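So the structure is just underneath, and the comments pick up after that.
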Amino acid sequence: MLAARNAIYGLAVAPHMKGSLGKRLVTAHFVIDETTAMMSAQNDPERRRFAFWWTAIPLFVLWNLGTLVGALLGNSLDASAFGLDVAFSAGFVAMLAPHLARRRGRQAAALGAVICLVLIPFVPVGLPILASGLAIFIGVRPDEERR
Amino acid sequence: MSWGVVLWLSAGAYVFKALGFVGLGSRKLPAALERCLLLIPAALLAALVVKDTFSTEQALVIDERSLGLAVALLCVWRKRSLVFTIVAAAATTALVRAI
């Protein structure tokens with residue numbers, strides 16, 4: 001259910017990527033929170049693709065190394081004792097920052113957070129995240145303000 | 001969890017990613033839709049942070065994670081690096097848990 005958010009990220013990334021179907025099928029594998037966030041924080045097409053791949057490759061390598069280490073260590077260590085459960089949130093906050101520079105970004109973030117919080121007690125895990133995607137439709141009307 | 005289940009879940013996760021990405025292709029979209037799509041990370045990252053910090057399964061909770069998040073917000077506001085932010089937030093939560 002949580003993975004369904006990647007379908008929405010796919011929509012965000014798609015218009016900025018060129019290439020054949022085969023190339024797109026490979027690129028699709030690298031669509032995730034981090035790559036989408038870094039990419040859409042950039043303004044011109046060239047830098048968007050650059051940001052996507054320079055996030056994707058280190059992330060892919062380190063993620064799989066991390067998985068290997070985790071598998072080898074097994075249950076011998078308690079992730080929450082090291083506060084590792086907040087590591088993702090902290091990273092996401094940092095990636096969120098450039099999106100908050102613009103007013104529409106701030107509105108979308110606030111609305112997404114509220115939608116998610118309100119729904120958590122009532123619907124299955126994963127759905128609140130998908131529903132928070134509805135917040136993007138505040139972008140339908142152009143923002144007169146420049147920033 | 002068996003390997004079979006793992007493989008099926010992996011395949012499912014990939015299909016989700018490919019769906020929007022390949023389906024939409026690189027065709028040009030109306031400006032209004034493009035403006036909306038660019039807001040996706042803002043909306044979803046904020047929602048993920050809120051979920052990971054203030055909930056356990058379907059229960060809303062406030063625990064040591066909130067303090068970690070507060071430290072992360074402070075770090076980002078003060079323009080600290082990504083690594084510094086992550087380490088400071090995790091350390092805060094770990095420390096509060098230890099005492």
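In the structure tokens, the first chain shown is A, the next is B, and so on; residue numbers restart at 1 for each chain, and ligands run from 1 in the order shown.
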
Mind running chain A against chain B at 6 Å and telling me each contacting residue's nearest atom pair with the distance in Å (one decimal), counting only C-alpha atoms, chain and number ascending, as a tab-separated table?
```
residue	atom	partner	partner_atom	distance
A:Ala3	CA	B:Ala13	CA	5.6
A:Ala4	CA	B:Phe16	CA	5.7
A:Asn6	CA	B:Lys17	CA	5.0
A:Ala7	CA	B:Phe16	CA	4.8
A:Gly10	CA	B:Phe21	CA	4.2
A:Leu11	CA	B:Gly20	CA	4.8
A:Ala12	CA	B:Leu37	CA	5.0
A:Ala14	CA	B:Phe21	CA	4.8
A:Pro15	CA	B:Ser26	CA	4.6
A:Lys18	CA	B:Ser26	CA	6.0
A:Ala28	CA	B:Ala18	CA	5.1
A:Ala37	CA	B:Pro41	CA	5.3
A:Ala81	CA	B:Ala94	CA	5.5
A:Phe82	CA	B:Ala94	CA	4.9
A:Gly83	CA	B:Ala90	CA	4.3
A:Leu84	CA	B:Ala90	CA	5.6
A:Val86	CA	B:Ala90	CA	5.6
A:Ala87	CA	B:Ile86	CA	5.2
A:Ser89	CA	B:Val49	CA	4.9
A:Ala90	CA	B:Ile86	CA	5.2
A:Gly91	CA	B:Ile86	CA	5.8
A:Ala94	CA	B:Val76	CA	5.8
A:His99	CA	B:Ala42	CA	5.9
A:Gly105	CA	B:Ala42	CA	5.8
A:Ala108	CA	B:Ala43	CA	5.0
A:Ala109	CA	B:Ala43	CA	4.3
A:Gly112	CA	B:Ala43	CA	4.5
A:Ala113	CA	B:Ala47	CA	4.3
A:Cys116	CA	B:Ala47	CA	5.5
A:Ile120	CA	B:Gln58	CA	5.6
A:Pro121	CA	B:Gln58	CA	4.8
A:Ile129	CA	B:Ala47	CA	5.9
A:Ile136	CA	B:Cys36	CA	5.0
A:Phe137	CA	B:Cys36	CA	5.6
A:Gly139	CA	B:Cys36	CA	4.5
A:Val140	CA	B:Ala32	CA	4.9
```

All residues 12 Å or closer to A:Phe60, only C-alpha atoms, same chain fewer than 4 positions away omitted, as a tab-separated table (two decimals) with N, CA and C atoms, in the first residue's frame:
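Final output, result24.tsv:
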```
chain	number	residue	atom	x	y	z
A	29	HIS	N	12.43	2.16	-12.21
A	29	HIS	CA	12.86	1.50	-10.99
A	29	HIS	C	13.45	2.48	-9.99
A	30	PHE	N	13.98	3.59	-10.49
A	30	PHE	CA	14.68	4.54	-9.61
A	30	PHE	C	13.78	5.68	-9.12
A	31	VAL	N	12.49	5.58	-9.47
A	31	VAL	CA	11.55	6.59	-9.00
A	31	VAL	C	11.22	6.33	-7.53
A	32	ILE	N	11.55	7.28	-6.67
A	32	ILE	CA	11.30	7.11	-5.23
A	32	ILE	C	11.28	8.50	-4.59
A	34	GLU	N	13.20	10.28	-2.70
A	34	GLU	CA	14.40	11.12	-2.78
A	34	GLU	C	14.64	11.65	-4.19
A	35	THR	N	14.56	10.76	-5.19
A	35	THR	CA	14.85	11.19	-6.55
A	35	THR	C	13.81	12.21	-7.04
A	52	PHE	N	18.14	13.93	-10.78
A	52	PHE	CA	17.51	12.62	-10.65
A	52	PHE	C	18.56	11.52	-10.59
A	53	TRP	N	19.47	11.53	-11.57
A	53	TRP	CA	20.44	10.43	-11.64
A	53	TRP	C	21.50	10.51	-10.57
A	54	TRP	N	21.89	11.74	-10.18
A	54	TRP	CA	22.91	11.86	-9.13
A	54	TRP	C	22.32	11.61	-7.75
A	55	THR	N	21.02	11.51	-7.67
A	55	THR	CA	20.41	11.04	-6.43
A	55	THR	C	20.20	9.54	-6.52
A	56	ALA	N	19.77	9.09	-7.70
A	56	ALA	CA	19.41	7.69	-7.88
A	56	ALA	C	20.58	6.73	-7.69
A	64	ASN	N	21.31	-0.70	-1.10
A	64	ASN	CA	21.52	-2.15	-1.16
A	64	ASN	C	22.67	-2.60	-0.27
A	65	LEU	N	23.69	-1.74	-0.13
A	65	LEU	CA	24.76	-2.05	0.84
A	65	LEU	C	24.16	-2.10	2.24
A	66	GLY	N	23.31	-1.12	2.54
A	66	GLY	CA	22.67	-1.04	3.85
A	66	GLY	C	21.82	-2.27	4.12
A	67	THR	N	21.10	-2.71	3.09
A	67	THR	CA	20.27	-3.90	3.23
A	67	THR	C	21.11	-5.12	3.54
```

message: Among chain B, which ones does DSSP assign to strand (DSSP E or B) (computed from the backbone)? Answer as number ranges by chain.
response: B: 55-56, 59-60

Same residues, C-alpha atoms, output as a compact mmCIF listing (two decimals), in the first residue's frame:
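See result-v2.txt below for the written result:
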```
# COMPACT_ATOMS: atom_id res chain seq x y z
CA SER B 55 1.60 7.60 14.25
CA THR B 56 2.10 3.96 15.12
CA ALA B 59 -2.92 5.33 16.36
CA LEU B 60 -1.87 8.97 16.61
```

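Ranking A:Ile138, A:Met39, A:Ala79, A:Leu119 by their shortest atom-to-atom distance to A:Gln107, with only C-alpha atoms included, puts A:Ile138 first.
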
query: Quick one: distance from atom CA of A:Arg104 to atom CA of A:Asn43 in Å, one decimal?
result: 15.1 Å

- prompt: Can you list every residue in chain B that DSSP puts in helix (DSSP H, G or I), as a VMD selection string?
  reply: chain B and resid 3 to 24 31 to 37 40 to 54 64 to 77 82 to 98
